[in-house]
Every structure is written in C-alpha cells, then in structure tokens.
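Asker: Okay, so here is start_23.tsv, and as you'll see once you scroll down, it has TSV, C-alpha atoms and all ligand atoms.
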chain	number	residue	atom	x	y	z
U	30	MET	CA	131.27	0.14	89.98
U	31	THR	CA	130.52	-3.46	88.93
U	32	GLN	CA	133.47	-5.82	89.15
U	33	HIS	CA	134.03	-7.43	85.75
U	34	HIS	CA	135.87	-10.55	84.67
U	35	VAL	CA	137.76	-9.44	81.58
U	36	THR	CA	139.82	-11.43	79.06
U	37	VAL	CA	142.32	-9.28	77.21
U	38	LEU	CA	143.80	-10.40	73.89
U	39	GLY	CA	146.94	-8.49	72.95
U	40	GLY	CA	147.16	-7.49	76.62
U	41	THR	CA	150.92	-7.99	76.64
U	42	GLY	CA	151.52	-5.22	74.10
U	43	PHE	CA	152.09	-1.49	74.40
U	44	VAL	CA	148.41	-0.48	74.69
U	45	GLY	CA	147.62	-3.75	76.46
U	46	HIS	CA	149.91	-2.97	79.40
U	47	SER	CA	148.07	0.30	80.07
U	48	VAL	CA	144.63	-1.27	79.64
U	49	VAL	CA	145.44	-4.24	81.91
U	50	ARG	CA	146.99	-2.03	84.60
U	51	ARG	CA	143.97	0.27	84.54
U	52	LEU	CA	141.52	-2.64	84.73
U	53	ALA	CA	143.44	-4.03	87.72
U	54	GLU	CA	143.44	-0.62	89.42
U	55	HIS	CA	139.64	-0.54	89.07
U	56	GLY	CA	139.38	-3.91	90.83
U	57	HIS	CA	138.44	-6.04	87.83
U	58	VAL	CA	139.62	-9.64	87.44
U	59	VAL	CA	141.77	-9.86	84.31
U	60	ARG	CA	143.03	-12.76	82.21
U	61	VAL	CA	145.50	-12.01	79.47
U	62	ILE	CA	145.99	-14.64	76.77
U	63	SER	CA	149.50	-14.59	75.36
U	64	ARG	CA	151.46	-16.74	72.95
U	65	ARG	CA	154.55	-16.11	75.11
U	66	ARG	CA	153.44	-16.04	78.72
U	67	GLU	CA	156.96	-16.31	80.15
U	68	ARG	CA	157.95	-12.97	78.59
U	69	HIS	CA	155.21	-11.07	80.37
U	70	ARG	CA	155.60	-11.99	84.02
U	71	ASP	CA	155.60	-8.27	84.85
U	72	LEU	CA	151.80	-8.31	84.43
U	73	LEU	CA	151.45	-10.99	87.12
U	74	VAL	CA	152.39	-8.56	89.90
U	75	LEU	CA	149.20	-6.59	89.20
U	76	PRO	CA	146.36	-7.51	91.58
U	77	GLY	CA	143.75	-9.79	90.00
U	78	VAL	CA	145.75	-10.32	86.79
U	79	ASP	CA	146.66	-13.70	85.33
U	80	VAL	CA	148.47	-14.42	82.08
U	81	VAL	CA	147.39	-17.58	80.29
U	82	GLN	CA	149.62	-19.27	77.71
U	83	GLY	CA	147.72	-19.78	74.44
U	84	ASP	CA	147.37	-18.95	70.80
U	85	PRO	CA	144.43	-16.62	70.10
U	86	ARG	CA	143.83	-18.60	66.87
U	87	ASP	CA	142.61	-21.52	68.98
U	88	VAL	CA	138.83	-20.97	69.17
U	89	ALA	CA	138.34	-23.78	71.70
U	90	LEU	CA	140.89	-22.20	74.02
U	91	LEU	CA	139.30	-18.76	73.57
U	92	ALA	CA	135.83	-20.13	74.32
U	93	ARG	CA	137.15	-21.91	77.44
U	94	GLU	CA	138.81	-18.74	78.72
U	95	PHE	CA	135.85	-16.54	77.79
U	96	GLU	CA	133.56	-18.75	79.90
U	97	LYS	CA	135.26	-17.23	82.94
U	98	SER	CA	134.63	-13.69	81.63
U	99	ASP	CA	131.80	-11.27	80.96
U	100	THR	CA	133.87	-8.91	78.77
U	101	VAL	CA	136.54	-9.36	76.11
U	102	VAL	CA	139.03	-6.69	75.04
U	103	ASN	CA	140.73	-7.32	71.70
U	104	LEU	CA	143.96	-5.40	71.14
U	105	VAL	CA	145.67	-7.82	68.75
U	106	GLY	CA	147.22	-6.05	65.80
U	107	ILE	CA	150.34	-6.01	63.64
U	108	LEU	CA	151.94	-3.16	61.67
U	109	ASN	CA	153.93	-5.47	59.42
U	110	GLU	CA	153.54	-9.04	58.33
U	111	ARG	CA	156.29	-11.56	57.62
U	112	GLY	CA	155.36	-12.13	53.98
U	113	HIS	CA	154.16	-9.62	51.42
U	114	ARG	CA	150.74	-10.78	50.34
U	115	GLY	CA	148.44	-9.60	53.11
U	116	LYS	CA	147.92	-13.05	54.67
U	117	GLY	CA	149.53	-12.06	57.97
U	118	PHE	CA	147.33	-8.97	58.17
U	119	ALA	CA	144.21	-10.98	57.32
U	120	ASP	CA	145.07	-13.55	60.02
U	121	ALA	CA	145.73	-11.00	62.77
U	122	HIS	CA	142.98	-8.50	61.92
U	123	VAL	CA	140.15	-10.46	60.26
U	124	HIS	CA	140.30	-14.22	60.94
U	125	HIS	CA	141.33	-13.53	64.54
U	126	VAL	CA	138.26	-11.31	65.09
U	127	ALA	CA	136.06	-13.99	63.52
U	128	HIS	CA	137.52	-16.44	66.08
U	129	VAL	CA	136.91	-14.01	68.92
U	130	VAL	CA	133.28	-13.50	67.88
U	131	GLU	CA	132.75	-17.25	67.51
U	132	ALA	CA	134.24	-17.86	70.96
U	133	CYS	CA	132.01	-15.11	72.42
U	134	LYS	CA	129.02	-16.89	70.90
U	135	LYS	CA	130.08	-20.28	72.30
U	136	SER	CA	130.83	-18.96	75.77
U	137	GLY	CA	127.98	-16.47	76.10
U	138	VAL	CA	130.14	-13.33	76.43
U	139	LYS	CA	128.07	-10.29	75.42
U	140	ARG	CA	130.54	-7.43	75.58
U	141	LEU	CA	133.51	-6.80	73.26
U	142	LEU	CA	135.82	-3.79	73.24
U	143	HIS	CA	137.77	-3.80	70.02
U	144	MET	CA	140.80	-1.83	68.83
U	145	CYS	CA	140.77	-0.72	65.20
U	146	ALA	CA	142.83	2.09	63.61
U	147	LEU	CA	142.07	5.53	62.24
U	148	GLY	CA	141.68	5.51	58.46
U	149	ALA	CA	140.58	1.86	58.34
U	150	SER	CA	138.40	1.35	55.29
U	151	GLU	CA	137.53	-1.29	52.75
U	152	TRP	CA	138.85	1.16	50.12
U	153	ALA	CA	142.08	2.11	51.90
U	154	PRO	CA	145.34	1.59	49.97
U	155	SER	CA	147.09	-0.72	52.48
U	156	HIS	CA	146.47	-4.25	53.69
U	157	TYR	CA	146.78	-2.91	57.25
U	158	LEU	CA	143.91	-0.45	56.91
U	159	ARG	CA	141.68	-2.71	54.80
U	160	THR	CA	142.01	-5.68	57.14
U	161	LYS	CA	141.47	-3.45	60.17
U	162	ALA	CA	138.18	-2.30	58.60
U	163	ARG	CA	137.05	-5.87	57.92
U	164	GLY	CA	137.84	-6.95	61.48
U	165	GLU	CA	135.92	-4.03	62.91
U	166	TYR	CA	132.93	-4.89	60.74
U	167	LEU	CA	132.94	-8.46	62.10
U	168	ALA	CA	133.15	-7.19	65.68
U	169	LEU	CA	130.25	-4.77	65.24
U	170	HIS	CA	128.02	-7.08	63.17
U	171	SER	CA	128.31	-10.39	65.01
U	172	GLY	CA	124.61	-11.20	64.70
U	173	ILE	CA	124.68	-12.55	68.28
U	174	PRO	CA	121.51	-11.50	70.15
U	175	GLY	CA	122.28	-9.13	73.03
U	176	PHE	CA	125.94	-8.82	72.01
U	177	HIS	CA	127.45	-5.32	72.23
U	178	ALA	CA	130.74	-4.30	70.70
U	179	THR	CA	132.48	-0.92	70.82
U	180	SER	CA	135.33	-0.07	68.48
U	181	PHE	CA	138.18	2.41	68.95
U	182	ARG	CA	140.05	3.97	66.07
U	183	SER	CA	143.12	5.84	67.18
U	184	SER	CA	145.79	7.83	65.45
U	185	VAL	CA	149.36	6.93	66.31
U	186	ILE	CA	149.72	6.30	70.05
U	187	PHE	CA	152.58	7.63	72.17
U	188	GLY	CA	153.85	6.80	75.63
U	189	PRO	CA	156.87	5.11	77.21
U	190	HIS	CA	157.59	1.92	75.22
U	191	ASP	CA	155.66	3.11	72.13
U	192	SER	CA	156.96	1.94	68.79
U	193	PHE	CA	156.50	5.24	66.92
U	194	ILE	CA	158.43	7.88	68.88
U	195	ASN	CA	160.99	5.30	70.03
U	196	ARG	CA	161.43	4.00	66.50
U	197	PHE	CA	162.28	7.43	65.12
U	198	ALA	CA	164.46	8.17	68.14
U	199	GLY	CA	166.45	5.00	67.45
U	200	LEU	CA	166.77	5.75	63.75
U	201	LEU	CA	167.78	9.37	64.40
U	202	LYS	CA	170.54	8.20	66.71
U	203	LEU	CA	171.81	5.96	63.92
U	204	SER	CA	171.74	8.87	61.46
U	205	PRO	CA	172.13	12.00	63.62
U	206	TRP	CA	173.36	14.50	60.99
U	207	VAL	CA	171.13	13.90	57.97
U	208	PHE	CA	167.89	11.98	57.95
U	209	ALA	CA	166.03	10.98	54.79
U	210	LEU	CA	162.33	10.95	55.66
U	211	ALA	CA	159.69	9.24	53.53
U	212	CYS	CA	156.10	10.54	53.44
U	213	ALA	CA	157.24	13.61	55.38
U	214	ASP	CA	153.97	15.51	54.86
U	215	SER	CA	151.70	12.72	56.19
U	216	ARG	CA	149.47	14.06	58.95
U	217	PHE	CA	148.95	12.56	62.41
U	218	GLN	CA	147.17	13.48	65.60
U	219	PRO	CA	149.13	11.48	68.20
U	220	VAL	CA	147.21	10.36	71.26
U	221	TYR	CA	148.53	9.38	74.69
U	222	VAL	CA	148.34	5.68	75.53
U	223	GLU	CA	146.79	6.40	78.96
U	224	ASP	CA	143.96	8.37	77.30
U	225	VAL	CA	143.30	5.46	74.93
U	226	ALA	CA	143.32	2.99	77.83
U	227	ALA	CA	141.02	5.22	79.89
U	228	ALA	CA	138.51	5.47	77.03
U	229	ILE	CA	138.47	1.68	76.57
U	230	VAL	CA	138.04	0.92	80.28
U	231	THR	CA	135.44	3.68	80.84
U	232	SER	CA	133.33	2.40	77.97
U	233	MET	CA	132.98	-1.06	79.50
U	234	ASP	CA	129.98	-0.20	81.68
U	235	ASP	CA	128.58	2.60	79.54
U	236	ARG	CA	125.56	1.40	77.58
U	237	TYR	CA	125.69	4.54	75.45
U	238	THR	CA	128.91	3.23	73.87
U	239	TYR	CA	127.31	-0.02	72.67
U	240	GLY	CA	127.69	-0.39	68.91
U	241	GLN	CA	129.67	2.85	68.65
U	242	VAL	CA	132.93	3.57	66.83
U	243	TYR	CA	135.13	6.16	68.55
U	244	GLU	CA	137.97	8.07	66.96
U	245	LEU	CA	140.74	8.80	69.46
U	246	CYS	CA	143.20	11.62	68.78
U	247	GLY	CA	145.37	13.99	70.73
U	248	PRO	CA	144.84	17.76	70.76
U	249	ARG	CA	147.19	18.68	67.87
U	250	THR	CA	147.82	17.69	64.26
U	251	TYR	CA	151.41	17.36	63.04
U	252	GLN	CA	153.07	16.50	59.77
U	253	LEU	CA	155.52	13.64	60.06
U	254	HIS	CA	158.55	15.89	59.48
U	255	GLU	CA	157.43	18.12	62.39
U	256	LEU	CA	157.25	15.10	64.66
U	257	VAL	CA	160.67	13.84	63.59
U	258	SER	CA	162.18	17.33	64.10
U	259	TYR	CA	160.60	17.43	67.54
U	260	ILE	CA	162.05	14.01	68.43
U	261	ALA	CA	165.50	15.08	67.20
U	262	ALA	CA	165.29	18.23	69.34
U	263	GLN	CA	164.32	16.14	72.38
U	264	LEU	CA	167.41	14.02	71.80
U	265	GLY	CA	169.57	17.13	71.59
U	266	LEU	CA	170.31	16.47	67.91
U	267	ASN	CA	170.53	19.11	65.21
U	268	THR	CA	169.52	16.74	62.42
U	269	ARG	CA	168.93	17.98	58.89
U	270	ILE	CA	165.72	16.29	57.74
U	271	ILE	CA	165.46	15.68	54.01
U	272	LYS	CA	161.90	15.21	52.82
U	273	LEU	CA	161.81	12.48	50.19
U	274	ASN	CA	159.39	12.93	47.30
U	275	LYS	CA	156.76	10.31	46.51
U	276	GLN	CA	158.97	8.21	44.23
U	277	LEU	CA	161.94	8.20	46.62
U	278	SER	CA	159.62	7.44	49.56
U	279	TRP	CA	158.30	4.46	47.64
U	280	LEU	CA	161.84	3.31	46.80
U	281	GLN	CA	162.88	3.64	50.46
U	282	ALA	CA	159.87	1.51	51.47
U	283	MET	CA	160.77	-1.08	48.82
U	284	ALA	CA	164.35	-1.28	50.10
U	285	LEU	CA	163.61	-1.30	53.84
U	286	GLU	CA	160.93	-3.96	53.37
U	287	PHE	CA	163.80	-6.45	53.09
U	288	VAL	CA	165.78	-5.19	56.09
U	289	PRO	CA	165.35	-7.49	59.14
U	290	GLY	CA	162.62	-6.09	61.38
U	291	LYS	CA	161.14	-4.12	58.46
U	292	PRO	CA	161.84	-0.57	59.66
U	293	PHE	CA	159.50	0.60	56.88
U	294	SER	CA	157.47	-1.35	54.34
U	295	LEU	CA	155.48	-0.83	51.20
U	296	ASP	CA	152.32	-1.43	53.19
U	297	ASN	CA	153.40	1.26	55.73
U	298	TYR	CA	154.02	3.58	52.78
U	299	LYS	CA	150.49	2.93	51.51
U	300	SER	CA	148.98	3.49	54.98
U	301	LEU	CA	150.77	6.84	55.14
U	302	GLN	CA	148.90	8.00	52.03
U	303	VAL	CA	145.86	8.37	54.32
U	304	ASP	CA	145.96	11.15	56.93
U	305	SER	CA	145.64	9.78	60.46
U	306	VAL	CA	143.60	12.65	61.90
U	307	CYS	CA	140.22	12.78	63.64
U	308	SER	CA	137.15	14.48	62.27
U	309	ARG	CA	136.39	15.98	65.71
U	310	GLY	CA	137.92	16.31	69.21
U	311	PHE	CA	138.35	13.53	71.77
U	312	PRO	CA	134.90	11.98	72.41
U	313	LYS	CA	133.13	13.87	75.20
U	314	ASP	CA	131.57	10.62	76.50
U	315	PHE	CA	134.76	9.70	78.34
U	316	GLY	CA	135.33	12.98	80.21
U	317	ILE	CA	139.00	13.02	79.20
U	318	THR	CA	141.11	16.03	78.24
U	319	PRO	CA	143.73	14.37	76.03
U	320	ALA	CA	147.36	14.94	76.97
U	321	THR	CA	149.67	16.80	74.63
U	322	LEU	CA	152.69	15.10	73.11
U	323	GLU	CA	154.90	17.83	74.54
U	324	SER	CA	153.75	17.11	78.10
U	325	VAL	CA	154.57	13.39	77.94
U	326	VAL	CA	157.37	12.63	75.46
U	327	PRO	CA	160.09	14.49	77.44
U	328	THR	CA	159.36	12.17	80.38
U	329	TYR	CA	160.70	9.17	78.45
U	330	LEU	CA	162.85	10.60	75.69
U	331	GLY	CA	165.88	12.77	76.19
U	332	PRO	CA	169.58	13.26	75.53
U	333	SER	CA	170.32	11.37	78.73
U	334	VAL	CA	169.24	8.08	77.14
U	335	SER	CA	172.59	6.31	77.41
U	336	ASP	CA	172.43	3.48	74.91
U	337	SER	CA	172.11	5.15	71.52
U	338	TYR	CA	170.98	1.91	69.90
U	339	SER	CA	168.40	0.93	72.52
U	340	GLY	CA	165.34	2.61	70.97
U	341	PHE	CA	165.96	0.96	67.62
U	342	ARG	CA	166.60	-2.46	69.19
U	343	HIS	CA	163.47	-2.13	71.33
U	344	TRP	CA	161.38	-1.29	68.32
U	345	ALA	CA	162.98	-3.98	66.08
U	346	ARG	CA	162.23	-6.66	68.70
U	347	ARG	CA	158.56	-5.65	68.69
U	348	SER	CA	158.10	-5.56	64.89
C	1	LIG	N1	150.41	1.62	68.71
C	1	LIG	C1	149.80	2.43	67.88
C	1	LIG	O1	150.29	3.54	67.55
C	1	LIG	C2	148.44	2.07	67.33
C	1	LIG	C3	147.74	3.02	66.54
C	1	LIG	C4	146.48	2.66	66.06
C	1	LIG	C5	145.93	1.42	66.34
C	1	LIG	N2	146.64	0.54	67.09
C	1	LIG	C6	146.06	-0.78	67.36
C	1	LIG	O2	146.02	-0.96	68.78
C	1	LIG	C7	146.19	-2.33	69.10
C	1	LIG	C8	147.32	-2.49	70.11
C	1	LIG	O3	148.49	-1.95	69.54
C	1	LIG	P1	149.90	-2.08	70.28
C	1	LIG	O4	150.73	-0.96	69.80
C	1	LIG	O5	149.68	-2.27	71.72
C	1	LIG	O6	150.46	-3.43	69.63
C	1	LIG	P2	151.62	-4.38	70.18
C	1	LIG	O7	152.41	-3.70	71.22
C	1	LIG	O8	152.33	-4.90	69.00
C	1	LIG	O9	150.83	-5.57	70.89
C	1	LIG	C9	149.94	-6.39	70.20
C	1	LIG	C10	149.78	-7.69	70.97
C	1	LIG	O10	148.99	-8.56	70.15
C	1	LIG	C11	149.50	-9.87	70.21
C	1	LIG	N3	149.75	-10.27	68.82
C	1	LIG	C12	150.54	-9.72	67.94
C	1	LIG	N4	150.50	-10.35	66.76
C	1	LIG	C13	149.66	-11.33	66.91
C	1	LIG	C14	149.20	-12.33	66.05
C	1	LIG	N5	149.63	-12.44	64.79
C	1	LIG	N6	148.32	-13.19	66.51
C	1	LIG	C15	147.91	-13.08	67.78
C	1	LIG	N7	148.31	-12.16	68.65
C	1	LIG	C16	149.19	-11.29	68.21
C	1	LIG	C17	150.80	-9.88	70.98
C	1	LIG	O11	150.62	-10.61	72.18
C	1	LIG	P3	151.44	-11.97	72.48
C	1	LIG	O12	152.73	-11.91	71.73
C	1	LIG	O13	151.64	-11.92	73.97
C	1	LIG	O14	150.58	-13.09	72.06
C	1	LIG	C18	151.06	-8.40	71.27
C	1	LIG	O15	151.42	-8.19	72.61
C	1	LIG	C19	146.43	-3.06	67.76
C	1	LIG	O16	145.23	-3.57	67.29
C	1	LIG	C20	146.90	-1.94	66.84
C	1	LIG	O17	146.63	-2.22	65.49
C	1	LIG	C21	147.88	0.82	67.60
What's the structure tokens form of this structure?
Ligand SMILES: NC(=O)c1ccc[n+]([C@@H]2O[C@H](COP(=O)([O-])OP(=O)(O)OC[C@H]3O[C@@H](n4cnc5c(N)ncnc54)[C@H](OP(=O)(O)O)[C@@H]3O)[C@@H](O)[C@H]2O)c1
Answerer:
Amino acid sequence: MTQHHVTVLGGTGFVGHSVVRRLAEHGHVVRVISRRRERHRDLLVLPGVDVVQGDPRDVALLAREFEKSDTVVNLVGILNERGHRGKGFADAHVHHVAHVVEACKKSGVKRLLHMCALGASEWAPSHYLRTKARGEYLALHSGIPGFHATSFRSSVIFGPHDSFINRFAGLLKLSPWVFALACADSRFQPVYVEDVAAAIVTSMDDRYTYGQVYELCGPRTYQLHELVSYIAAQLGLNTRIIKLNKQLSWLQAMALEFVPGKPFSLDNYKSLQVDSVCSRGFPKDFGITPATLESVVPTYLGPSVSDSYSGFRHWARRS
C-alpha cells in the first residue's frame, strides 16, 4: 500500500479519532488541524500523527499545511449553531469547504475525502441538511483539473463517545420514569463509527471511488422511539416513553433551543422530518459487513455506568 501524507480537518472529533487512528495503523503520515490542539494530545501518541494548532477558516494556513500532504480528509461539521439564522451552518459546511477547495488548488492536493450527511439536499427543511448539500457540491465540483473528491453520507453514527446514543442515555438518566420524545417515528439506520472510518480510509487509494457519493448505513432501520427504548433497556431502566405529536415536538424543540448546550433545536426538529435511511445496503466496494447496533452499544453503555450525569455532560460539552 502507498504511504500517504494526509491532513485531517475535524480529526479531533468522534469520527475523526477513528479515522486518524486507522490512518496511523496503516502507516500513513497524518496531520490534524485543530482550533484547540492542547485538548487533543491523546492523538499525539499515535505513530506518525501530529496535531497542528490552527483555524480551518484560515486559507493560507490550510494551503501551507496541505503542501505537506497528498490527501485531505474533511470531517468538519456541526449539529447546532450558536445563533438561529443558519450562518453557523453555512460557515462550517459551505464556506469551510470553499476554503478547503481553494487551499487544495493553491497547494496542488488532488484528493479530497469529504463527510456529508444522509438526507442532505438543497430542498431539505433544515439548515443542517441544506448546507451539507451545498458543501458536498463544492467538494465534488471544484473545477480543479485532476482533482478527485469522494463524499460519504452516513446515517447517525454510533460508537463509544458518540453524541447520539450517549445523549439519549444522559437524558434518560435525568428522566428515568417518563420520557417525552419528540419526532418519535423518525427513521434511522445507525452505522458503526469503525465501519465509517474503514470506508473513508479504504477509498483513499481506490480510483473507482473518485467522484462518487456513498451512503453509509448499518444493517437495520429503527424508529427513534425503538432506539430510545433500547437505550433505556441497556441502562436497566423501565422508562415509559411518551411519543409527542408534531405540534408538541415542535414546541419542545422551540423550548430546548434556548437551553444551554441546545439538547434539541428547531433545526434538529426539521432535520428529523427527513428519514435518515439508505436506499441500499452498505457499499460493496469497501468489503465491509456493517456491525449491528446490538453488537457494539452494550460494550460502552450499561447499568454499571457510575456517574448518572456523565453522558449528558459529555454530550453537552461537545454541542
Ligand atoms: N456523528 C454523527 O452521527 C454524524 C452523522 C452524519 C454525518 N456526520 C458528519 O460527520 C462529520 C464528523 O462528525 P463528528 O460526529 O465526528 O463531529 P464532532 O465530533 O463534532 O467533530 C467535528 C470536528 O470538527 C471541528 N469543528 C467543529 N466545528 C467547527 C467549526 N465551526 N469550524 C471548524 N472546525 C470545526 C472540531 O475540531 P476542533 O475543535 O479540534 O477544531 C471537531 O472536532 C461531520 O461532518 C458531521 O456532520 C456525523
């Protein structure tokens, strides 16, 4: 296998940790650009990995770092913005990708692996999904001769340190008897973080993946209330889940939008109006049999978790 020099943006996040570790295991030289280098020293113990302090909005910095690379992986993304007008989403998902593409052009990098999201579309109801679609378009249509991007659209991703399963686990521990669930019938096909990371890393050298968009899902579709019941059962809780109707779901989103850390927002509510399920099975190109939720979640979630507030705090810190 060719040794690559890879710059990873968003490499300090949940998916980023798995991607960076996998790249290091394959002997690639990895540079992660982070706005808060000091918080991510854990990555430095990986062979061939360096974490560079910098803001990904700085095109000059990106171009300088990309000059030392032949491949860029872009995993930057946010689920909620600080304001309410879509500017934060546009910055993280659209302007950022424009900067990445410009820096690729300046530095001569020809390979970009980009993380989008399932359901992203110009016509989607949420800022999150619309801006994700625009960013993906920029990545795939750079106009740079000989430039090859590949985009990955995944459903919700699970694994130790995820923000989805851990978020609900934290909330369930705060409300263990009765739980009011918005958008309870929304459909998901959760996919394991290691399967996502494997697909991204495998695609790097595979010319067949150039210009492609891959949907990444796990083997089973669930409604949100089924997932929350499953999480409660894993925690040893016998929680009564109350499915809120559309109006109450909207009201809950409106109210929680103003809670610090935004446990749920109007934009999340709008995203949940679109099913997050794949049109076909895990792409054959990667030779991966996707892991089931049931085979992984019990390894990091269980009644033995001692600090009942830890999941919520962990998730709130990341939002
Ligand atoms: N997790 C999921 O279930 C899921 C599902 C579908 C798609 N995705 C997509 O997969 C990608 C990775 O997700 P993740 O769960 O790993 O996210 P994450 O844990 O929140 O990590 C994202 C990383 O991006 C960087 N970042 C965040 N906001 C930024 C901003 N405004 N400007 C620049 N950098 C910023 C951060 O790095 P620094 O703070 O170190 O700079 C952070 O470590 C994202 O594009 C996300 O939209 C995730």
Asker: One decimal, Å: what's the distance from CA of Pro219 (chain U) over to CA of Phe43 (chain U), could you say?
Answerer: 14.7 Å
Asker: Could you pull the residues within 12 Å of Gly265 (chain U), counting only C-alpha atoms, minus those fewer than 4 positions along the same chain, as a PyMOL selection string?
Answerer: chain U and resi 198+201-202+205-206+258-261+327+330-334
Asker: Report as JSON, numbers by chain all protein, DNA and RNA residues lying within 12 Å of His125 (chain U), evaluated on only C-alpha atoms, omitting residues in the same chain fewer than 3 positions from it.
Answerer: {"U": [38, 39, 84, 85, 86, 87, 88, 91, 103, 104, 105, 106, 107, 116, 117, 118, 119, 120, 121, 122, 128, 129, 130, 131, 132, 143, 160, 161, 163, 164, 165, 167, 168]}
Asker: In terms of the shortest atom-to-atom distance over only C-alpha atoms, which of U:Gly115, U:Gly137, U:Gly40, U:Gly56 is closest to Asp296 (chain U)?
Answerer: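 Selected residue with least distance to Asp296 (chain U): U:Gly115.
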Asker: Would you kindly return, as an mmCIF file with C-alpha atoms, keeping the file's coordinate frame, each protein, DNA or RNA residue with an atom no farther than 12 Å from any atom of region 69-80 of chain U, considering only C-alpha atoms and excluding same-chain residues fewer than 2 positions away?
Answerer:
data_model
loop_
_atom_site.group_PDB
_atom_site.id
_atom_site.type_symbol
_atom_site.label_atom_id
_atom_site.label_comp_id
_atom_site.auth_asym_id
_atom_site.auth_seq_id
_atom_site.Cartn_x
_atom_site.Cartn_y
_atom_site.Cartn_z
ATOM 1 C CA GLN U 32 133.470 -5.820 89.150
ATOM 2 C CA HIS U 33 134.030 -7.430 85.750
ATOM 3 C CA HIS U 34 135.870 -10.550 84.670
ATOM 4 C CA VAL U 35 137.760 -9.440 81.580
ATOM 5 C CA THR U 36 139.820 -11.430 79.060
ATOM 6 C CA VAL U 37 142.320 -9.280 77.210
ATOM 7 C CA LEU U 38 143.800 -10.400 73.890
ATOM 8 C CA GLY U 39 146.940 -8.490 72.950
ATOM 9 C CA GLY U 40 147.160 -7.490 76.620
ATOM 10 C CA THR U 41 150.920 -7.990 76.640
ATOM 11 C CA GLY U 42 151.520 -5.220 74.100
ATOM 12 C CA PHE U 43 152.090 -1.490 74.400
ATOM 13 C CA GLY U 45 147.620 -3.750 76.460
ATOM 14 C CA HIS U 46 149.910 -2.970 79.400
ATOM 15 C CA SER U 47 148.070 0.300 80.070
ATOM 16 C CA VAL U 48 144.630 -1.270 79.640
ATOM 17 C CA VAL U 49 145.440 -4.240 81.910
ATOM 18 C CA ARG U 50 146.990 -2.030 84.600
ATOM 19 C CA ARG U 51 143.970 0.270 84.540
ATOM 20 C CA LEU U 52 141.520 -2.640 84.730
ATOM 21 C CA ALA U 53 143.440 -4.030 87.720
ATOM 22 C CA GLU U 54 143.440 -0.620 89.420
ATOM 23 C CA HIS U 55 139.640 -0.540 89.070
ATOM 24 C CA GLY U 56 139.380 -3.910 90.830
ATOM 25 C CA HIS U 57 138.440 -6.040 87.830
ATOM 26 C CA VAL U 58 139.620 -9.640 87.440
ATOM 27 C CA VAL U 59 141.770 -9.860 84.310
ATOM 28 C CA ARG U 60 143.030 -12.760 82.210
ATOM 29 C CA VAL U 61 145.500 -12.010 79.470
ATOM 30 C CA ILE U 62 145.990 -14.640 76.770
ATOM 31 C CA SER U 63 149.500 -14.590 75.360
ATOM 32 C CA ARG U 64 151.460 -16.740 72.950
ATOM 33 C CA ARG U 65 154.550 -16.110 75.110
ATOM 34 C CA ARG U 66 153.440 -16.040 78.720
ATOM 35 C CA GLU U 67 156.960 -16.310 80.150
ATOM 36 C CA GLN U 82 149.620 -19.270 77.710
ATOM 37 C CA GLY U 83 147.720 -19.780 74.440
ATOM 38 C CA GLU U 94 138.810 -18.740 78.720
#
Asker: Got a minute to add N, CA and C atoms to region 140-155 of chain U and dump it as a PDB file, in the frame of the given file?
Answerer:
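Once everything was written out, this is result05.pdb:
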ATOM      1  N   ARG U 140     129.937  -8.762  75.676  1.00  0.00           N
ATOM      2  CA  ARG U 140     130.540  -7.430  75.580  1.00  0.00           C
ATOM      3  C   ARG U 140     131.946  -7.544  75.004  1.00  0.00           C
ATOM      4  N   LEU U 141     132.192  -6.787  73.921  1.00  0.00           N
ATOM      5  CA  LEU U 141     133.510  -6.800  73.260  1.00  0.00           C
ATOM      6  C   LEU U 141     133.984  -5.368  73.042  1.00  0.00           C
ATOM      7  N   LEU U 142     135.183  -5.088  73.513  1.00  0.00           N
ATOM      8  CA  LEU U 142     135.820  -3.790  73.240  1.00  0.00           C
ATOM      9  C   LEU U 142     136.947  -4.070  72.261  1.00  0.00           C
ATOM     10  N   HIS U 143     136.902  -3.415  71.132  1.00  0.00           N
ATOM     11  CA  HIS U 143     137.770  -3.800  70.020  1.00  0.00           C
ATOM     12  C   HIS U 143     138.616  -2.606  69.554  1.00  0.00           C
ATOM     13  N   MET U 144     139.888  -2.890  69.276  1.00  0.00           N
ATOM     14  CA  MET U 144     140.800  -1.830  68.830  1.00  0.00           C
ATOM     15  C   MET U 144     140.997  -1.902  67.323  1.00  0.00           C
ATOM     16  N   CYS U 145     140.587  -0.826  66.646  1.00  0.00           N
ATOM     17  CA  CYS U 145     140.770  -0.720  65.200  1.00  0.00           C
ATOM     18  C   CYS U 145     141.862   0.332  64.952  1.00  0.00           C
ATOM     19  N   ALA U 146     141.833   1.033  63.865  1.00  0.00           N
ATOM     20  CA  ALA U 146     142.830   2.090  63.610  1.00  0.00           C
ATOM     21  C   ALA U 146     142.173   3.176  62.766  1.00  0.00           C
ATOM     22  N   LEU U 147     142.603   4.397  62.997  1.00  0.00           N
ATOM     23  CA  LEU U 147     142.070   5.530  62.240  1.00  0.00           C
ATOM     24  C   LEU U 147     142.409   5.345  60.751  1.00  0.00           C
ATOM     25  N   GLY U 148     141.443   5.626  59.901  1.00  0.00           N
ATOM     26  CA  GLY U 148     141.680   5.510  58.460  1.00  0.00           C
ATOM     27  C   GLY U 148     141.337   4.138  57.912  1.00  0.00           C
ATOM     28  N   ALA U 149     140.932   3.211  58.808  1.00  0.00           N
ATOM     29  CA  ALA U 149     140.580   1.860  58.340  1.00  0.00           C
ATOM     30  C   ALA U 149     139.381   1.961  57.398  1.00  0.00           C
ATOM     31  N   SER U 150     139.488   1.302  56.272  1.00  0.00           N
ATOM     32  CA  SER U 150     138.400   1.350  55.290  1.00  0.00           C
ATOM     33  C   SER U 150     138.608   0.236  54.272  1.00  0.00           C
ATOM     34  N   GLU U 151     137.502  -0.255  53.789  1.00  0.00           N
ATOM     35  CA  GLU U 151     137.530  -1.290  52.750  1.00  0.00           C
ATOM     36  C   GLU U 151     138.245  -0.777  51.494  1.00  0.00           C
ATOM     37  N   TRP U 152     138.270   0.558  51.326  1.00  0.00           N
ATOM     38  CA  TRP U 152     138.850   1.160  50.120  1.00  0.00           C
ATOM     39  C   TRP U 152     140.232   1.759  50.379  1.00  0.00           C
ATOM     40  N   ALA U 153     140.766   1.531  51.559  1.00  0.00           N
ATOM     41  CA  ALA U 153     142.080   2.110  51.900  1.00  0.00           C
ATOM     42  C   ALA U 153     143.173   1.454  51.043  1.00  0.00           C
ATOM     43  N   PRO U 154     144.300   2.134  50.857  1.00  0.00           N
ATOM     44  CA  PRO U 154     145.340   1.590  49.970  1.00  0.00           C
ATOM     45  C   PRO U 154     146.164   0.449  50.552  1.00  0.00           C
ATOM     46  N   SER U 155     146.183   0.285  51.887  1.00  0.00           N
ATOM     47  CA  SER U 155     147.090  -0.720  52.480  1.00  0.00           C
ATOM     48  C   SER U 155     146.327  -1.920  53.013  1.00  0.00           C
TER      49      SER U 155
END
